[in-house]
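I have placed the structure first, in the form of structure tokens, so that the comments after it can refer back to it.
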Amino acid sequence: MPRDGTERGIGDGPLAALGQSTASVASTLAIGAAGGALFAWAGMPAAWLAGAMIAVAASAIGTRVPLLVPAWMREVAFVLIGMSIGAGVTPDTLWLMHTWPLSIALLAVSIAATVAASSVYLERVHRWDRATARFSAIPGALAAVLAMAARGGVDLPRVALAQSLRLFILVAVMPLILRMTTPLPAPDAPLAAADGDGILGVVALLAASGAGAYLFHRFRLPGDALLGAMLVSSVLHGADLAHGQLPSGLLVAGFLVAGAVIGARFRGVPIATLRRALGPAVGSVAIALCLSAAFAGAGAAWLGVPFGQLWIAYAPGGLEAMTIVAFALGLDAAFIGTHHVVRFLGIGVLTPVWQPRIGGLDKERAKETVTRSK
């Protein structure tokens, strides 16, 4: 007998919902694994991160493929990667710390230049209203940027899409550019597993790193899972209390999940909307990349720090994503992660200073922009 709209059959209950959720997660990871494996086979840099991201994003755009990466899986992946980054802390890392204040000062100038140039480009060339252009040009910190942008006359969907496209482009393009222009460590260098303290040592290190991630999350510190785990692991390795590192298979899984998280941002975005946003996003990212590369070149000549390392440190990407890209390329992820934390904090402090100036400007123009984008 056919069921009416109020009856619930076997396929309509909580178990069915759980099954659908599990199937969505499994399909997302399978798509990401296929992309990562293809990139690894082709010898691409940051293969499991970039490959998974591109494959999942391609499956998400303009389709109804159910894609899902649970929050807990994302946090576990970031703990695994953060723990492994901390295991790479060396005396060279500590020695380079004396260059960090000067490099961070140059970073501040770089951020101001890239935000100003990108926002002017979006406003003058693509006729975006001033508030939307500026919030779209702020590098990284998507959640914080959207929270602040919501208080002004801003096209929030456009800002979110512009920020997501910038992150996608950076993760996809920067490893390739660095491979062609800068000497990098061997592609598999960061995936090498150390014997260290054996399985018990790795488990103890994982527990300590997880505790650090929890504390960062509890106190709402930036990059909570990744940086909390990285800090604890760095301290333990720097103090010679730990020597182990994750098996390469678990680390690959962490990269895969991180890439899938970025790719899944594009779930449900119509192709037409993406097409309209792609030109402005590519142009603003190109401007930001060129300016950050110029500042990185100046910093490399001034401080003696490798150009590629500084370029990723100055790149206008997300905190976690840029730190993971650096680690996947075998660069000093602690140095790069610290710079992105400082950038994140600086954006949070300084954005409200100029927000009142732009929040109320051109509200009618902003409304027209929102109407046209729908």
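Residues are named by chain letter and number: chains run A, B, ... in the order of the structure tokens, numbers start at 1 in each chain, and ligands are numbered from 1 in the order shown.
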Legend entry - Spatial neighbours of Val261 of chain A, max dist 12 Å, only C-alpha atoms, sep filter under 5 positions, as a ChimeraX atom specification: /A:25,28-29,32,49-50,52-57,60,67-75,77-78,164,167-168,254-256,266-267,320-321
Just-selected residues, N, CA, C and O atoms written as a CSV table (one decimal), in the first residue's frame:
chain,number,residue,atom,x,y,z
A,25,VAL,N,30.1,10.7,2.9
A,25,VAL,CA,31.5,10.8,3.3
A,25,VAL,C,32.4,9.9,2.5
A,25,VAL,O,33.5,10.3,2.0
A,28,THR,N,32.9,11.2,-1.0
A,28,THR,CA,33.8,12.4,-1.0
A,28,THR,C,35.2,11.9,-0.9
A,28,THR,O,36.1,12.4,-1.7
A,29,LEU,N,35.5,11.0,0.0
A,29,LEU,CA,36.9,10.6,0.2
A,29,LEU,C,37.4,9.8,-1.0
A,29,LEU,O,38.6,9.8,-1.4
A,32,GLY,N,38.3,12.2,-3.6
A,32,GLY,CA,39.5,12.9,-3.3
A,32,GLY,C,40.7,12.0,-3.4
A,32,GLY,O,41.8,12.4,-3.9
A,49,LEU,N,47.1,16.7,-1.5
A,49,LEU,CA,46.4,17.9,-1.1
A,49,LEU,C,45.7,18.5,-2.3
A,49,LEU,O,44.4,18.6,-2.3
A,50,ALA,N,46.5,18.9,-3.3
A,50,ALA,CA,45.9,19.6,-4.4
A,50,ALA,C,45.0,18.7,-5.3
A,50,ALA,O,44.0,19.1,-5.8
A,52,ALA,N,43.3,16.0,-4.3
A,52,ALA,CA,42.0,15.8,-3.7
A,52,ALA,C,41.1,17.0,-3.8
A,52,ALA,O,39.9,16.9,-4.0
A,53,MET,N,41.7,18.2,-3.6
A,53,MET,CA,40.9,19.4,-3.6
A,53,MET,C,40.3,19.6,-5.0
A,53,MET,O,39.1,19.9,-5.1
A,54,ILE,N,41.1,19.5,-6.0
A,54,ILE,CA,40.6,19.7,-7.4
A,54,ILE,C,39.5,18.7,-7.8
A,54,ILE,O,38.5,19.0,-8.4
A,55,ALA,N,39.7,17.4,-7.4
A,55,ALA,CA,38.7,16.4,-7.8
A,55,ALA,C,37.4,16.6,-7.1
A,55,ALA,O,36.3,16.5,-7.7
A,56,VAL,N,37.5,16.9,-5.8
A,56,VAL,CA,36.2,17.1,-5.0
A,56,VAL,C,35.5,18.4,-5.5
A,56,VAL,O,34.3,18.4,-5.7
A,57,ALA,N,36.2,19.4,-5.8
A,57,ALA,CA,35.6,20.7,-6.3
A,57,ALA,C,35.0,20.4,-7.6
A,57,ALA,O,33.9,20.9,-7.9
A,60,ALA,N,31.8,18.8,-7.2
A,60,ALA,CA,30.8,19.6,-6.4
A,60,ALA,C,30.1,20.6,-7.3
A,60,ALA,O,28.9,20.9,-7.1
A,67,LEU,N,28.3,15.6,-1.2
A,67,LEU,CA,29.7,15.6,-0.7
A,67,LEU,C,29.7,16.1,0.7
A,67,LEU,O,29.0,17.0,1.1
A,68,LEU,N,30.5,15.4,1.6
A,68,LEU,CA,30.5,15.7,3.0
A,68,LEU,C,31.8,15.3,3.6
A,68,LEU,O,32.3,14.2,3.4
A,69,VAL,N,32.4,16.2,4.4
A,69,VAL,CA,33.5,15.9,5.2
A,69,VAL,C,33.1,16.3,6.6
A,69,VAL,O,33.0,17.6,6.9
A,70,PRO,N,32.9,15.4,7.6
A,70,PRO,CA,32.4,15.8,8.9
A,70,PRO,C,33.5,16.7,9.6
A,70,PRO,O,34.7,16.6,9.4
A,71,ALA,N,33.0,17.5,10.5
A,71,ALA,CA,33.9,18.4,11.3
A,71,ALA,C,34.9,17.6,12.1
A,71,ALA,O,36.1,18.0,12.1
A,72,TRP,N,34.5,16.5,12.7
A,72,TRP,CA,35.5,15.7,13.5
A,72,TRP,C,36.6,15.1,12.6
A,72,TRP,O,37.7,15.1,13.0
A,73,MET,N,36.3,14.8,11.4
A,73,MET,CA,37.3,14.2,10.5
A,73,MET,C,38.3,15.3,10.1
A,73,MET,O,39.5,15.0,10.0
A,74,ARG,N,37.8,16.5,9.8
A,74,ARG,CA,38.7,17.6,9.5
A,74,ARG,C,39.6,17.9,10.7
A,74,ARG,O,40.8,18.1,10.5
A,75,GLU,N,39.1,17.9,11.9
A,75,GLU,CA,39.9,18.2,13.1
A,75,GLU,C,41.0,17.1,13.3
A,75,GLU,O,42.1,17.4,13.6
A,77,ALA,N,42.3,15.2,11.0
A,77,ALA,CA,43.3,15.3,9.9
A,77,ALA,C,44.3,16.4,10.3
A,77,ALA,O,45.5,16.3,10.1
A,78,PHE,N,43.7,17.6,10.8
A,78,PHE,CA,44.6,18.7,11.1
A,78,PHE,C,45.5,18.4,12.3
A,78,PHE,O,46.7,18.8,12.3
A,164,SER,N,36.9,31.8,-1.3
A,164,SER,CA,37.1,30.4,-1.6
A,164,SER,C,37.8,30.1,-2.9
A,164,SER,O,38.7,29.3,-2.9
A,167,LEU,N,41.6,30.8,-2.3
A,167,LEU,CA,42.2,29.7,-1.6
A,167,LEU,C,42.5,28.5,-2.6
A,167,LEU,O,43.5,27.9,-2.6
A,168,PHE,N,41.4,28.2,-3.4
A,168,PHE,CA,41.5,27.1,-4.3
A,168,PHE,C,42.6,27.4,-5.3
A,168,PHE,O,43.5,26.5,-5.6
A,254,GLY,N,45.7,12.5,6.0
A,254,GLY,CA,45.5,13.8,6.5
A,254,GLY,C,45.4,14.8,5.3
A,254,GLY,O,44.6,15.7,5.3
A,255,PHE,N,46.4,14.7,4.4
A,255,PHE,CA,46.4,15.6,3.2
A,255,PHE,C,45.1,15.4,2.4
A,255,PHE,O,44.5,16.4,1.9
A,256,LEU,N,44.7,14.2,2.2
A,256,LEU,CA,43.5,13.9,1.4
A,256,LEU,C,42.3,14.6,2.0
A,256,LEU,O,41.5,15.3,1.3
A,266,PHE,N,32.8,24.3,-2.6
A,266,PHE,CA,32.1,24.6,-3.8
A,266,PHE,C,30.8,23.8,-4.1
A,266,PHE,O,30.2,23.9,-5.1
A,267,ARG,N,30.4,23.1,-3.1
A,267,ARG,CA,29.2,22.3,-3.2
A,267,ARG,C,28.0,23.2,-3.4
A,267,ARG,O,27.7,24.1,-2.7
A,320,GLU,N,45.6,27.6,7.7
A,320,GLU,CA,45.8,26.1,7.7
A,320,GLU,C,46.3,25.7,6.3
A,320,GLU,O,47.3,24.9,6.2
A,321,ALA,N,45.7,26.2,5.3
A,321,ALA,CA,46.0,25.7,3.9
A,321,ALA,C,47.4,26.0,3.5
A,321,ALA,O,48.1,25.2,3.0
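If you count only C-alpha atoms and ignore residues fewer than 2 places along the chain from Gly279 of chain A, what sits within 12 Å of it is Tyr121, Leu122, Val125, His126, Ala162, Leu165, Arg166, Ile169, Thr273, Leu274, Arg275, Arg276, Ala277, Ala281, Val282, Gly283, Ser284, Val285 and Ala286 of chain A.
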Legend entry - Close residues, Phe216 of chain A itself excluded, 9 Å, only C-alpha atoms, min 5 positions apart in chain, as an NGL selection string: :A and (211 or 221-225 or 227-229)
Inset, instruction - Pick out the closest residue to Ser234 of chain A from this set: A:Val341, A:Val269, A:Ala288, A:Val89. Count only C-alpha atoms. - result: A:Val89
Residues of segment 264-311 of chain A at most 10 Å from segment 322-339 of chain A: nearest atom pair and distance in Å, only C-alpha atoms, as a Markdown table:
| residue | atom | partner | partner_atom | distance |
| --- | --- | --- | --- | --- |
| A:Pro306 | CA | A:Leu331 | CA | 9.4 |
| A:Gly308 | CA | A:Leu331 | CA | 8.2 |
| A:Gln309 | CA | A:Leu331 | CA | 6.3 |
| A:Leu310 | CA | A:Ile336 | CA | 7.4 |
| A:Trp311 | CA | A:Ile336 | CA | 9.1 |
File of the preceding selection, N, CA and C atoms, as a short mmCIF file (atom, residue, chain, number, x, y, z; two decimals), in the first residue's frame:
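Generated file (result13.cif):
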data_model
loop_
_atom_site.label_atom_id
_atom_site.label_comp_id
_atom_site.auth_asym_id
_atom_site.auth_seq_id
_atom_site.Cartn_x
_atom_site.Cartn_y
_atom_site.Cartn_z
N PRO A 306 65.14 31.58 2.11
CA PRO A 306 64.76 31.13 0.76
C PRO A 306 63.51 31.82 0.24
N GLY A 308 61.12 30.82 -1.85
CA GLY A 308 59.89 30.04 -1.82
C GLY A 308 59.26 30.03 -0.45
N GLN A 309 60.08 29.96 0.57
CA GLN A 309 59.57 29.95 1.93
C GLN A 309 58.88 31.27 2.27
N LEU A 310 59.51 32.37 1.89
CA LEU A 310 58.93 33.68 2.15
C LEU A 310 57.67 33.90 1.31
N TRP A 311 57.67 33.42 0.09
CA TRP A 311 56.52 33.64 -0.77
C TRP A 311 55.27 32.98 -0.21
#
Inset, instruction - Tell me which protein, DNA and RNA residues are within 8 Å of Ser233 of chain A, counting only C-alpha atoms, leaving out same-chain ones fewer than 3 positions away, and put them as an NGL selection string. - result: :A and (82-87 or 205 or 208-209 or 229-230 or 236-237 or 242)
Inset, instruction - Using DSSP on the backbone coordinates, identify all residues within segment 66-222 of chain A classified as alpha helix (DSSP H); present the result as a VMD selection string. - result: chain A and resid 71 to 86 91 to 96 100 to 124 130 to 137 142 to 149 156 to 181 198 to 218
Legend entry - Residue among A:Leu250, A:Leu107, A:Ala113, A:Leu80 lying closest to Leu226 of chain A, counting only C-alpha atoms: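 Smallest separation from Leu226 of chain A among the options: A:Leu80.
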Legend entry - Surrounding residues of Pro270 of chain A excluding itself and chain neighbours under 5 positions, 9 Å, only C-alpha atoms, as an MDAnalysis selection string: chainID A and resid 61:63 275
Legend entry - Pick from A:Leu345, A:Val203, A:Ala264, A:Ala298, whichever lies nearest to Leu102 of chain A using only C-alpha atoms: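 Using only C-alpha atoms, the shortest distance to Leu102 of chain A belongs to A:Ala298.
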Inset, instruction - Mind giving me the straight-line distance from atom CA of Gly297 of chain A to atom CA of Val342 of chain A in Å, one decimal? - result: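 About the pair atom CA of Gly297 of chain A and atom CA of Val342 of chain A: they are 20.0 Å apart.
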Legend entry - Separation of atom CA of Ser118 of chain A from atom CA of Ala300 of chain A, in Å and rounded to one decimal: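 About the pair atom CA of Ser118 of chain A and atom CA of Ala300 of chain A: they are 23.6 Å apart.
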